[in-house]
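Raw final.txt, compact mmCIF, C-alpha atoms and all ligand atoms:
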# COMPACT_ATOMS: atom_id res chain seq x y z
CA MET A 185 -23.71 50.23 -31.67
CA SER A 186 -24.55 52.73 -28.95
CA ASN A 187 -21.83 54.10 -26.77
CA SER A 188 -23.13 52.72 -23.53
CA VAL A 189 -22.20 50.33 -20.79
CA VAL A 190 -25.20 48.76 -19.08
CA VAL A 191 -25.24 46.99 -15.75
CA CYS A 192 -27.90 44.25 -15.91
CA THR A 193 -29.75 42.83 -12.89
CA TRP A 194 -33.01 40.94 -12.58
CA GLU A 195 -33.40 39.97 -8.92
CA ARG A 196 -34.18 42.13 -5.93
CA GLY A 197 -31.70 40.24 -3.77
CA ARG A 198 -32.10 39.33 -0.14
CA ALA A 199 -31.62 42.88 1.09
CA GLY A 200 -33.97 44.37 -1.50
CA VAL A 201 -31.00 45.35 -3.69
CA PRO A 202 -29.54 42.87 -6.21
CA ALA A 203 -26.43 41.14 -4.87
CA GLY A 204 -23.33 42.83 -6.25
CA ALA A 205 -25.24 45.62 -8.00
CA GLU A 206 -23.42 48.47 -6.28
CA GLU A 207 -19.97 46.91 -6.73
CA THR A 208 -20.72 46.32 -10.43
CA LEU A 209 -22.03 49.86 -10.84
CA THR A 210 -18.75 51.06 -9.27
CA LEU A 211 -16.71 49.14 -11.87
CA ALA A 212 -18.93 50.15 -14.78
CA ARG A 213 -18.97 53.80 -13.70
CA LYS A 214 -15.16 53.97 -13.71
CA LEU A 215 -15.10 52.45 -17.19
CA ALA A 216 -17.82 54.76 -18.47
CA ALA A 217 -15.97 57.82 -17.13
CA SER A 218 -12.61 56.82 -18.60
CA ALA A 219 -13.92 55.63 -21.99
CA GLY A 220 -16.57 58.30 -22.50
CA LEU A 221 -19.43 55.82 -22.43
CA GLU A 222 -22.94 56.39 -21.11
CA LEU A 223 -23.67 54.41 -17.93
CA ASN A 224 -27.09 52.75 -17.78
CA TRP A 225 -28.68 50.22 -15.43
CA LEU A 226 -31.12 47.68 -16.77
CA VAL A 227 -33.47 46.25 -14.17
CA ALA A 228 -35.49 43.34 -15.52
CA GLY A 229 -38.33 42.13 -13.30
CA PRO A 230 -39.17 43.41 -9.81
CA ALA A 231 -37.72 46.80 -8.97
CA PRO A 232 -35.06 46.81 -6.24
CA ASP A 233 -35.60 49.03 -3.21
CA ARG A 234 -34.22 52.55 -3.72
CA ALA A 235 -33.36 51.73 -7.37
CA LEU A 236 -33.55 55.35 -8.47
CA GLU A 237 -31.56 56.60 -5.50
CA ILE A 238 -28.82 53.99 -6.06
CA ALA A 239 -28.75 54.69 -9.79
CA GLY A 240 -28.37 58.42 -9.08
CA LYS A 241 -25.60 57.78 -6.55
CA TYR A 242 -23.47 56.06 -9.20
CA GLY A 243 -24.13 58.57 -11.96
CA VAL A 244 -26.42 56.35 -14.05
CA ALA A 245 -27.91 58.16 -17.07
CA HIS A 246 -30.85 55.81 -17.71
CA LEU A 247 -32.56 53.38 -15.41
CA ASP A 248 -34.03 50.97 -17.95
CA ARG A 249 -36.95 48.85 -16.75
CA ILE A 250 -38.35 45.67 -18.24
CA GLU A 251 -41.56 44.76 -16.48
CA ASP A 252 -43.28 41.50 -17.29
CA ALA A 253 -45.15 38.99 -15.15
CA LYS A 254 -42.83 36.26 -16.48
CA LEU A 255 -39.89 37.99 -14.84
CA ALA A 256 -41.43 37.92 -11.35
CA ASP A 257 -39.34 34.88 -10.42
CA PHE A 258 -36.03 34.02 -12.03
CA GLN A 259 -36.38 31.79 -15.08
CA PRO A 260 -33.24 31.49 -17.21
CA ASP A 261 -34.91 31.17 -20.63
CA VAL A 262 -37.16 34.16 -19.98
CA CYS A 263 -34.33 36.25 -18.60
CA VAL A 264 -32.01 35.50 -21.55
CA GLU A 265 -34.80 36.43 -23.98
CA ALA A 266 -35.54 39.71 -22.20
CA LEU A 267 -31.89 40.75 -22.11
CA ALA A 268 -31.30 39.64 -25.71
CA GLN A 269 -34.22 41.78 -26.90
CA TYR A 270 -32.86 44.72 -24.89
CA SER A 271 -29.44 44.20 -26.46
CA LYS A 272 -30.99 44.24 -29.94
CA GLN A 273 -32.89 47.45 -29.25
CA HIS A 274 -30.14 49.39 -27.48
CA ALA A 275 -26.94 47.74 -28.77
CA PRO A 276 -24.78 48.55 -25.72
CA LYS A 277 -21.02 48.20 -26.06
CA LEU A 278 -20.88 46.29 -22.79
CA MET A 279 -23.45 44.40 -20.74
CA VAL A 280 -21.99 43.97 -17.26
CA ILE A 281 -23.58 41.48 -14.87
CA PRO A 282 -22.82 40.81 -11.19
CA GLN A 283 -21.76 37.18 -11.25
CA THR A 284 -24.33 35.50 -9.04
CA PHE A 285 -25.16 31.83 -9.40
CA ASN A 286 -28.07 32.70 -11.70
CA ALA A 287 -25.93 35.08 -13.74
CA ARG A 288 -23.75 32.12 -14.72
CA LEU A 289 -26.81 30.60 -16.36
CA VAL A 290 -27.66 33.78 -18.23
CA ALA A 291 -24.45 35.55 -19.29
CA PRO A 292 -22.95 33.01 -21.74
CA ARG A 293 -26.30 32.40 -23.45
CA LEU A 294 -26.96 36.12 -23.69
CA ALA A 295 -23.55 36.60 -25.34
CA ALA A 296 -24.30 33.86 -27.86
CA ARG A 297 -27.69 35.39 -28.67
CA ALA A 298 -26.24 38.90 -29.02
CA GLY A 299 -23.19 37.78 -31.04
CA ALA A 300 -21.08 39.37 -28.29
CA GLY A 301 -17.76 38.41 -26.74
CA ILE A 302 -17.89 37.14 -23.16
CA VAL A 303 -15.57 37.18 -20.18
CA MET A 304 -16.50 35.90 -16.73
CA ASN A 305 -14.77 36.38 -13.34
CA ALA A 306 -13.97 40.01 -14.20
CA LEU A 307 -12.32 42.36 -11.72
CA LYS A 308 -11.41 45.36 -13.90
CA LEU A 309 -12.63 46.81 -17.20
CA GLU A 310 -10.96 49.08 -19.74
CA VAL A 311 -11.69 50.13 -23.30
CA GLU A 312 -8.76 50.69 -25.67
CA GLY A 313 -9.79 51.88 -29.10
CA SER A 314 -12.46 49.45 -30.20
CA ALA A 315 -11.16 46.64 -27.97
CA VAL A 316 -12.49 45.84 -24.51
CA LYS A 317 -9.81 44.80 -22.00
CA VAL A 318 -11.01 42.72 -19.08
CA THR A 319 -8.84 41.71 -16.14
CA ALA A 320 -10.25 38.51 -14.70
CA SER A 321 -9.47 35.99 -12.02
CA ALA A 322 -8.24 32.70 -13.55
CA TYR A 323 -7.06 29.21 -12.64
CA GLY A 324 -9.27 28.96 -9.61
CA GLY A 325 -8.23 32.38 -8.29
CA ASP A 326 -4.47 31.63 -8.45
CA THR A 327 -3.75 34.24 -11.07
CA ARG A 328 -5.16 37.12 -13.09
CA VAL A 329 -5.47 37.27 -16.84
CA VAL A 330 -6.08 40.25 -19.10
CA TYR A 331 -8.40 39.38 -21.98
CA GLU A 332 -8.70 41.64 -24.98
CA VAL A 333 -12.05 41.25 -26.74
CA THR A 334 -11.45 42.47 -30.26
CA GLY A 335 -13.61 40.54 -32.72
CA ALA A 336 -17.07 41.30 -31.41
CA GLU A 337 -18.86 44.64 -31.49
CA SER A 338 -20.14 44.17 -27.97
CA CYS A 339 -19.16 42.25 -24.88
CA VAL A 340 -20.94 40.56 -21.98
CA VAL A 341 -18.95 40.59 -18.74
CA GLY A 342 -19.62 38.65 -15.52
CA VAL A 343 -18.15 40.55 -12.57
CA LEU A 344 -16.85 38.93 -9.35
CA ALA A 345 -18.63 41.59 -7.35
CA ASP A 346 -17.92 39.86 -4.03
CA MET A 347 -14.27 40.68 -4.48
CA LEU A 348 -14.85 44.38 -5.14
CA LEU A 349 -15.86 47.28 -2.97
CA ALA A 350 -18.80 49.56 -3.69
CA GLU A 351 -17.56 53.14 -3.94
CA ALA A 352 -19.98 55.85 -4.95
CA PRO A 353 -18.24 58.85 -6.50
CA GLU A 354 -18.17 62.07 -4.54
CA GLY A 355 -20.29 64.68 -6.24
CA GLY A 356 -21.00 62.30 -9.13
CA ALA A 357 -24.72 61.96 -8.50
CA SER A 358 -27.14 62.12 -11.41
CA ALA A 359 -30.87 62.29 -11.93
CA PRO A 360 -31.42 59.15 -14.00
CA ALA A 361 -34.18 59.08 -16.57
CA VAL A 362 -36.40 56.02 -16.24
CA ARG A 363 -37.07 54.27 -19.57
CA GLN A 364 -39.65 51.52 -19.89
CA VAL A 365 -38.29 48.97 -22.34
CA SER A 366 -40.88 46.85 -24.02
CA VAL A 367 -40.05 43.25 -24.88
CA ASP A 368 -42.21 40.38 -26.05
CA LEU A 369 -41.77 37.31 -23.84
CA GLY A 370 -45.03 35.67 -24.89
CA ALA A 371 -43.39 32.92 -26.94
CA VAL A 372 -40.80 31.90 -24.34
CA ALA A 373 -41.53 28.53 -22.78
CA GLU A 374 -39.26 27.96 -19.82
CA ARG A 375 -37.51 24.61 -20.18
CA VAL A 376 -36.42 24.28 -16.56
CA ARG A 377 -39.22 23.89 -14.03
CA VAL A 378 -38.50 24.46 -10.34
CA ILE A 379 -40.24 21.68 -8.46
CA GLN A 380 -39.13 22.74 -5.01
CA LYS A 381 -37.36 25.96 -4.14
CA ALA A 382 -34.26 25.81 -1.94
CA HIS A 383 -35.22 27.23 1.41
CA PHE A 384 -32.72 29.45 3.19
CA GLU A 385 -33.36 30.94 6.53
CA GLY A 386 -31.33 32.43 9.32
CA PRO A 387 -28.14 34.46 9.02
CA ARG A 388 -25.90 34.20 5.99
CA LEU A 389 -22.21 33.44 6.07
CA GLU A 390 -21.52 36.42 3.81
CA GLU A 391 -22.93 38.73 6.47
CA ALA A 392 -21.35 37.10 9.55
CA GLN A 393 -18.98 39.21 11.62
CA ILE A 394 -17.31 36.20 13.23
CA ILE A 395 -16.63 32.95 11.38
CA VAL A 396 -14.99 29.78 12.66
CA ALA A 397 -14.10 27.45 9.79
CA GLY A 398 -12.93 23.87 9.92
CA GLY A 399 -10.82 21.98 7.42
CA MET A 400 -9.69 18.42 6.82
CA GLY A 401 -7.28 18.76 9.75
CA LEU A 402 -10.31 18.00 11.94
CA GLY A 403 -9.78 14.41 10.90
CA GLN A 404 -13.38 13.24 10.93
CA LYS A 405 -16.98 14.45 10.79
CA GLU A 406 -17.51 13.79 14.52
CA ASN A 407 -14.95 16.52 15.34
CA TYR A 408 -16.76 19.26 13.40
CA HIS A 409 -18.86 20.02 16.50
CA LEU A 410 -15.74 21.75 17.91
CA ILE A 411 -16.06 24.32 15.12
CA GLU A 412 -19.77 24.77 15.83
CA ASP A 413 -19.16 25.03 19.58
CA LEU A 414 -16.49 27.72 19.21
CA ALA A 415 -18.60 29.61 16.66
CA ARG A 416 -21.61 29.53 19.00
CA THR A 417 -19.53 30.58 22.00
CA LEU A 418 -18.18 33.56 20.08
CA GLY A 419 -21.61 34.47 18.69
CA GLY A 420 -20.45 33.71 15.16
CA MET A 421 -21.12 31.21 12.39
CA ALA A 422 -19.50 27.88 11.56
CA ALA A 423 -17.98 27.36 8.11
CA ALA A 424 -15.82 24.85 6.28
CA SER A 425 -13.37 24.19 3.49
CA ARG A 426 -14.55 22.47 0.32
CA PRO A 427 -13.32 18.93 1.09
CA VAL A 428 -15.21 19.08 4.38
CA VAL A 429 -18.37 19.84 2.42
CA GLU A 430 -17.58 17.27 -0.26
CA ASN A 431 -17.15 14.64 2.45
CA GLY A 432 -20.63 15.44 3.69
CA TRP A 433 -19.53 16.69 7.13
CA VAL A 434 -21.59 19.89 6.62
CA ASP A 435 -23.88 21.21 3.92
CA SER A 436 -22.64 23.34 1.06
CA SER A 437 -24.09 26.61 2.41
CA ARG A 438 -21.12 26.53 4.84
CA GLN A 439 -18.39 26.42 2.22
CA VAL A 440 -16.01 29.35 2.07
CA GLY A 441 -13.96 30.02 -1.03
CA LEU A 442 -13.94 30.41 -4.75
CA THR A 443 -16.75 27.95 -5.29
CA GLY A 444 -18.37 28.73 -1.96
CA LYS A 445 -19.10 31.94 -0.08
CA ILE A 446 -16.97 35.07 -0.20
CA THR A 447 -16.94 36.43 3.33
CA ARG A 448 -15.66 39.61 4.96
CA PRO A 449 -15.94 39.05 8.71
CA VAL A 450 -14.17 41.00 11.42
CA LEU A 451 -12.71 37.74 12.77
CA TYR A 452 -12.02 34.53 10.82
CA ILE A 453 -10.66 31.53 12.69
CA GLY A 454 -9.51 28.70 10.42
CA ALA A 455 -8.69 25.40 12.12
CA GLY A 456 -7.10 22.50 10.26
CA ILE A 457 -7.25 24.45 7.01
CA SER A 458 -4.20 24.43 4.73
CA GLY A 459 -4.75 27.89 3.24
CA ALA A 460 -5.15 26.92 -0.43
CA SER A 461 -5.73 30.02 -2.57
CA GLN A 462 -9.19 28.78 -3.58
CA HIS A 463 -10.19 28.80 0.09
CA MET A 464 -8.46 32.04 1.04
CA VAL A 465 -10.23 33.94 -1.76
CA GLY A 466 -13.31 33.54 0.41
CA CYS A 467 -11.85 34.90 3.65
CA SER A 468 -8.71 36.95 2.97
CA ALA A 469 -10.73 40.17 3.24
CA ALA A 470 -11.38 39.36 6.92
CA LYS A 471 -10.07 42.03 9.26
CA THR A 472 -8.27 39.51 11.47
CA ILE A 473 -7.43 35.93 10.54
CA VAL A 474 -6.43 33.43 13.19
CA ALA A 475 -5.07 30.10 11.96
CA VAL A 476 -4.63 26.84 13.82
CA ASN A 477 -2.53 24.27 11.99
CA LYS A 478 -0.08 21.64 13.10
CA ASP A 479 2.21 22.34 10.14
CA PRO A 480 4.27 25.51 10.78
CA ASP A 481 4.79 25.88 7.02
CA ALA A 482 1.07 25.75 6.16
CA ALA A 483 0.13 28.44 3.62
CA VAL A 484 -2.65 29.72 5.88
CA PHE A 485 -0.04 31.32 8.18
CA ARG A 486 0.91 33.70 5.35
CA TYR A 487 -2.55 35.27 5.65
CA ALA A 488 -3.00 35.03 9.42
CA ARG A 489 -2.41 37.83 11.90
CA TYR A 490 -2.27 35.27 14.71
CA GLY A 491 -1.07 31.72 14.15
CA ILE A 492 -1.24 28.78 16.53
CA VAL A 493 0.94 25.83 15.57
CA GLY A 494 -0.58 22.74 17.09
CA ASP A 495 -3.28 20.09 17.03
CA CYS A 496 -6.67 21.74 16.49
CA LEU A 497 -8.36 18.90 18.39
CA GLU A 498 -6.52 20.08 21.50
CA ILE A 499 -6.56 23.81 20.80
CA LEU A 500 -10.24 24.24 19.88
CA PRO A 501 -11.52 22.93 23.27
CA GLU A 502 -9.03 25.26 24.99
CA LEU A 503 -10.28 28.23 22.99
CA ILE A 504 -13.90 27.35 23.82
CA ARG A 505 -13.00 27.11 27.53
CA ALA A 506 -11.11 30.40 27.41
CA VAL A 507 -13.97 32.28 25.73
CA LYS A 508 -16.53 30.81 28.16
CA ALA A 509 -14.35 31.83 31.10
CA GLN A 510 -14.41 35.49 30.00
C1 LIG B 1 -11.45 25.26 -9.12
C2 LIG B 1 -11.29 24.97 -7.65
C3 LIG B 1 -12.16 25.57 -6.77
C4 LIG B 1 -12.03 25.33 -5.39
N1 LIG B 1 -12.88 25.97 -4.54
C5 LIG B 1 -12.68 25.81 -3.21
C6 LIG B 1 -13.50 26.53 -2.27
O1 LIG B 1 -14.43 27.25 -2.62
N2 LIG B 1 -13.23 26.37 -0.96
C7 LIG B 1 -12.22 25.55 -0.48
O2 LIG B 1 -12.04 25.45 0.73
N3 LIG B 1 -11.47 24.86 -1.35
C8 LIG B 1 -11.68 24.95 -2.69
N4 LIG B 1 -10.90 24.23 -3.54
C9 LIG B 1 -10.01 23.21 -2.97
C10 LIG B 1 -8.68 23.78 -2.48
O3 LIG B 1 -7.76 23.82 -3.53
C11 LIG B 1 -8.10 22.89 -1.35
O4 LIG B 1 -7.98 21.59 -1.83
C12 LIG B 1 -8.95 22.88 -0.08
O5 LIG B 1 -9.23 24.20 0.35
C13 LIG B 1 -8.18 22.16 1.03
O6 LIG B 1 -9.02 22.03 2.14
P1 LIG B 1 -8.38 21.83 3.58
O7 LIG B 1 -7.41 22.90 3.84
O8 LIG B 1 -9.52 21.64 4.54
O9 LIG B 1 -7.69 20.40 3.47
P2 LIG B 1 -6.17 19.96 3.29
O10 LIG B 1 -5.56 20.56 2.10
O11 LIG B 1 -6.18 18.48 3.41
O12 LIG B 1 -5.42 20.59 4.55
C14 LIG B 1 -5.61 20.16 5.86
C15 LIG B 1 -4.70 21.00 6.75
O13 LIG B 1 -4.91 20.64 8.09
C16 LIG B 1 -3.67 20.53 8.75
N5 LIG B 1 -3.87 19.55 9.83
C17 LIG B 1 -3.96 18.20 9.75
N6 LIG B 1 -4.24 17.67 10.95
C18 LIG B 1 -4.32 18.72 11.81
C19 LIG B 1 -4.59 18.82 13.20
N7 LIG B 1 -4.87 17.74 13.96
N8 LIG B 1 -4.56 20.05 13.77
C20 LIG B 1 -4.30 21.17 13.03
N9 LIG B 1 -4.05 21.12 11.70
C21 LIG B 1 -4.07 19.91 11.10
C22 LIG B 1 -2.68 20.09 7.70
O14 LIG B 1 -1.37 20.51 8.07
C23 LIG B 1 -3.21 20.82 6.46
O15 LIG B 1 -2.60 22.09 6.34
C24 LIG B 1 -11.02 24.44 -4.91
C25 LIG B 1 -10.15 23.84 -5.82
C26 LIG B 1 -10.28 24.09 -7.17
C27 LIG B 1 -9.34 23.44 -8.13
Could you render the structure from this file as structure tokens?
Amino acid sequence: MSNSVVVCTWERGRAGVPAGAEETLTLARKLAASAGLELNWLVAGPAPDRALEIAGKYGVAHLDRIEDAKLADFQPDVCVEALAQYSKQHAPKLMVIPQTFNARLVAPRLAARAGAGIVMNALKLEVEGSAVKVTASAYGGDTRVVYEVTGAESCVVGVLADMLLAEAPEGGASAPAVRQVSVDLGAVAERVRVIQKAHFEGPRLEEAQIIVAGGMGLGQKENYHLIEDLARTLGGMAAASRPVVENGWVDSSRQVGLTGKITRPVLYIGAGISGASQHMVGCSAAKTIVAVNKDPDAAVFRYARYGIVGDCLEILPELIRAVKAQ
């Protein structure tokens, strides 16, 4: 077992840098510093933009690269095999993965292959003696649990990077050594074939500065246009709570929350949304939250800087008129 913690990524991400990589490097760096572990970053597949610069910023010792044509596009079987072979060669104490959708397909299988413990939804990492302590979000974001992984020699951890901030250490820069890691992926036959790729275009909710979200208080699908109208008028994006998506009023790319998008806008307006913790996880980092709800005791008012108690079907048109009049 080597004394290392390795952050693992395999996609370049939309911005050229894997989603959550910097937040996960922040968490792993703190652990490495406190537990005396070496911090490494394994990049499987296409190299992210500025990989070396980012690695240096977070004090990474080795930037490990697995290059193989099979890793050009994400394929779970291939990715698990590549990471499992890396784990066998380098035996890291921890393999820490930003918990993207694809990471959920990889992390548990990697742990099984490596005979490692596994904890998902992690927010904090510590090492105590030979045990790894992981603080993770649990019960749909309602509470936090501290897991102590004691039985296994190594541990795979999925990190809720969206809920963390990227903080590069001051003066902690390093000059990482690049290591080419050779793996044999020749025998891997991918079992899942992508027939048609999901096509995303336009701005992403996670990057929006202004979000107007609608909940079940809208009453019916036909009223959702009020959310879209206000969002458009403010130059923002329209979003929704999960039941609104489940009812087919809007598509799932609009869902905010634990099982949707984690957003950090400057302004979040929630209309007809109760404020369930699973929803608020996706918007409580907003700078200003404005809530419209007809129930003065709705949980959403606990998070809101400005609250309007009333019928959103009356208030939304007024807000649209007021913004247009400006
Ligand atoms: C594991 C798990 C994951 C989940 N993930 C998510 C997630 O990612 N995102 C998410 O949103 N939810 C998620 N949920 C569901 C979550 O718990 C809530 O059920 C959901 O957020 C409620 O949506 P809502 O507020 O739109 O609807 P409701 O709970 O039905 O609330 C509607 C609100 O509208 C108000 N209202 C009614 N009429 C009006 C009116 N005319 N004007 C103004 N206000 C009105 C009511 O007072 C009420 O507060 C998850 C749940 C679980 C268990």
Could you tell me, counting all atoms listed in the file, which protein and nucleic acid residues lie no more than 7 Å from ligand LIG 1 (chain B), written as a PyMOL selection string?
-> chain A and resi 323-324+398-403+424-428+439-444+455-463+476-479+482+494-497
Considering all atoms listed in the file, give me a table of residues in range 258-301 of chain A that are at most 10 Å from range 211-231 of chain A, with the closest atom pair and distance in Å for each, as JSON lines.
{"residue": "A:Phe258", "atom": "CA", "partner": "A:Gly229", "partner_atom": "CA", "distance": 8.5}
{"residue": "A:Cys263", "atom": "CA", "partner": "A:Ala228", "partner_atom": "CA", "distance": 7.8}
{"residue": "A:Ala266", "atom": "CA", "partner": "A:Ala228", "partner_atom": "CA", "distance": 7.6}
{"residue": "A:Leu267", "atom": "CA", "partner": "A:Ala228", "partner_atom": "CA", "distance": 7.9}
{"residue": "A:Tyr270", "atom": "CA", "partner": "A:Leu226", "partner_atom": "CA", "distance": 8.8}
{"residue": "A:Pro276", "atom": "CA", "partner": "A:Asn224", "partner_atom": "CA", "distance": 9.3}
{"residue": "A:Lys277", "atom": "CA", "partner": "A:Leu221", "partner_atom": "CA", "distance": 8.6}
{"residue": "A:Leu278", "atom": "CA", "partner": "A:Ala212", "partner_atom": "CA", "distance": 9.1}
{"residue": "A:Met279", "atom": "CA", "partner": "A:Leu226", "partner_atom": "CA", "distance": 9.2}
{"residue": "A:Val280", "atom": "CA", "partner": "A:Ala212", "partner_atom": "CA", "distance": 7.3}
{"residue": "A:Ile281", "atom": "CA", "partner": "A:Ala212", "partner_atom": "CA", "distance": 9.8}
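From CA of Ser358 in chain A back to CA of Thr208 in chain A, the distance works out to 17.1 Å.
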Find the spatial neighbours of Ser468 in chain A, counting only C-alpha atoms, within a cut-off of 12 Å - ignore same-chain residues fewer than 2 positions away - and output them as number ranges by chain.
-> A: 346-347, 440-442, 445-454, 459-466, 470-475, 484-489
Pairwise distance for CA of Thr319 in chain A and CA of Trp194 in chain A, rounded to one decimal in Å | 24.4 Å
Val372 in chain A environment, 9 Å, all atoms listed in the file, sequence neighbours closer than 4 positions dropped, as a list in words = Asp261, Val262, Glu265 and Asp368 of chain A
With distances taken over only C-alpha atoms, which of A:Ala361, A:Ala296, A:Glu374, A:Glu502 is nearest to Arg249 in chain A?
->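 Using only C-alpha atoms, the shortest distance to Arg249 in chain A belongs to A:Ala361.
Among the candidates A:Arg328, A:Arg234, A:Arg288, A:Arg375, the one nearest to Gln259 in chain A when counting all atoms listed in the file is A:Arg375.
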Return the single residue from A:Pro387, A:Gly335, A:Gly313, A:Pro292 that is closest to Val264 in chain A, with distances computed using only C-alpha atoms.
->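 Between A:Pro387, A:Gly335, A:Gly313, A:Pro292, the residue approaching Val264 in chain A most closely is A:Pro292.
Proximity to Ile411 in chain A was assessed for A:Ser436, A:Ile499, A:Ala320, A:Ser338 counting only C-alpha atoms; the smallest distance is recorded for A:Ile499.
Coordinates place CA of Gly204 in chain A at a distance of 5.0 Å from CA of Ala345 in chain A.
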Residue among A:His246, A:Lys272, A:Arg198, A:Lys241 lying closest to Ser366 in chain A, counting all atoms listed in the file =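 Among A:His246, A:Lys272, A:Arg198, A:Lys241, it is A:Lys272 that comes nearest to Ser366 in chain A.
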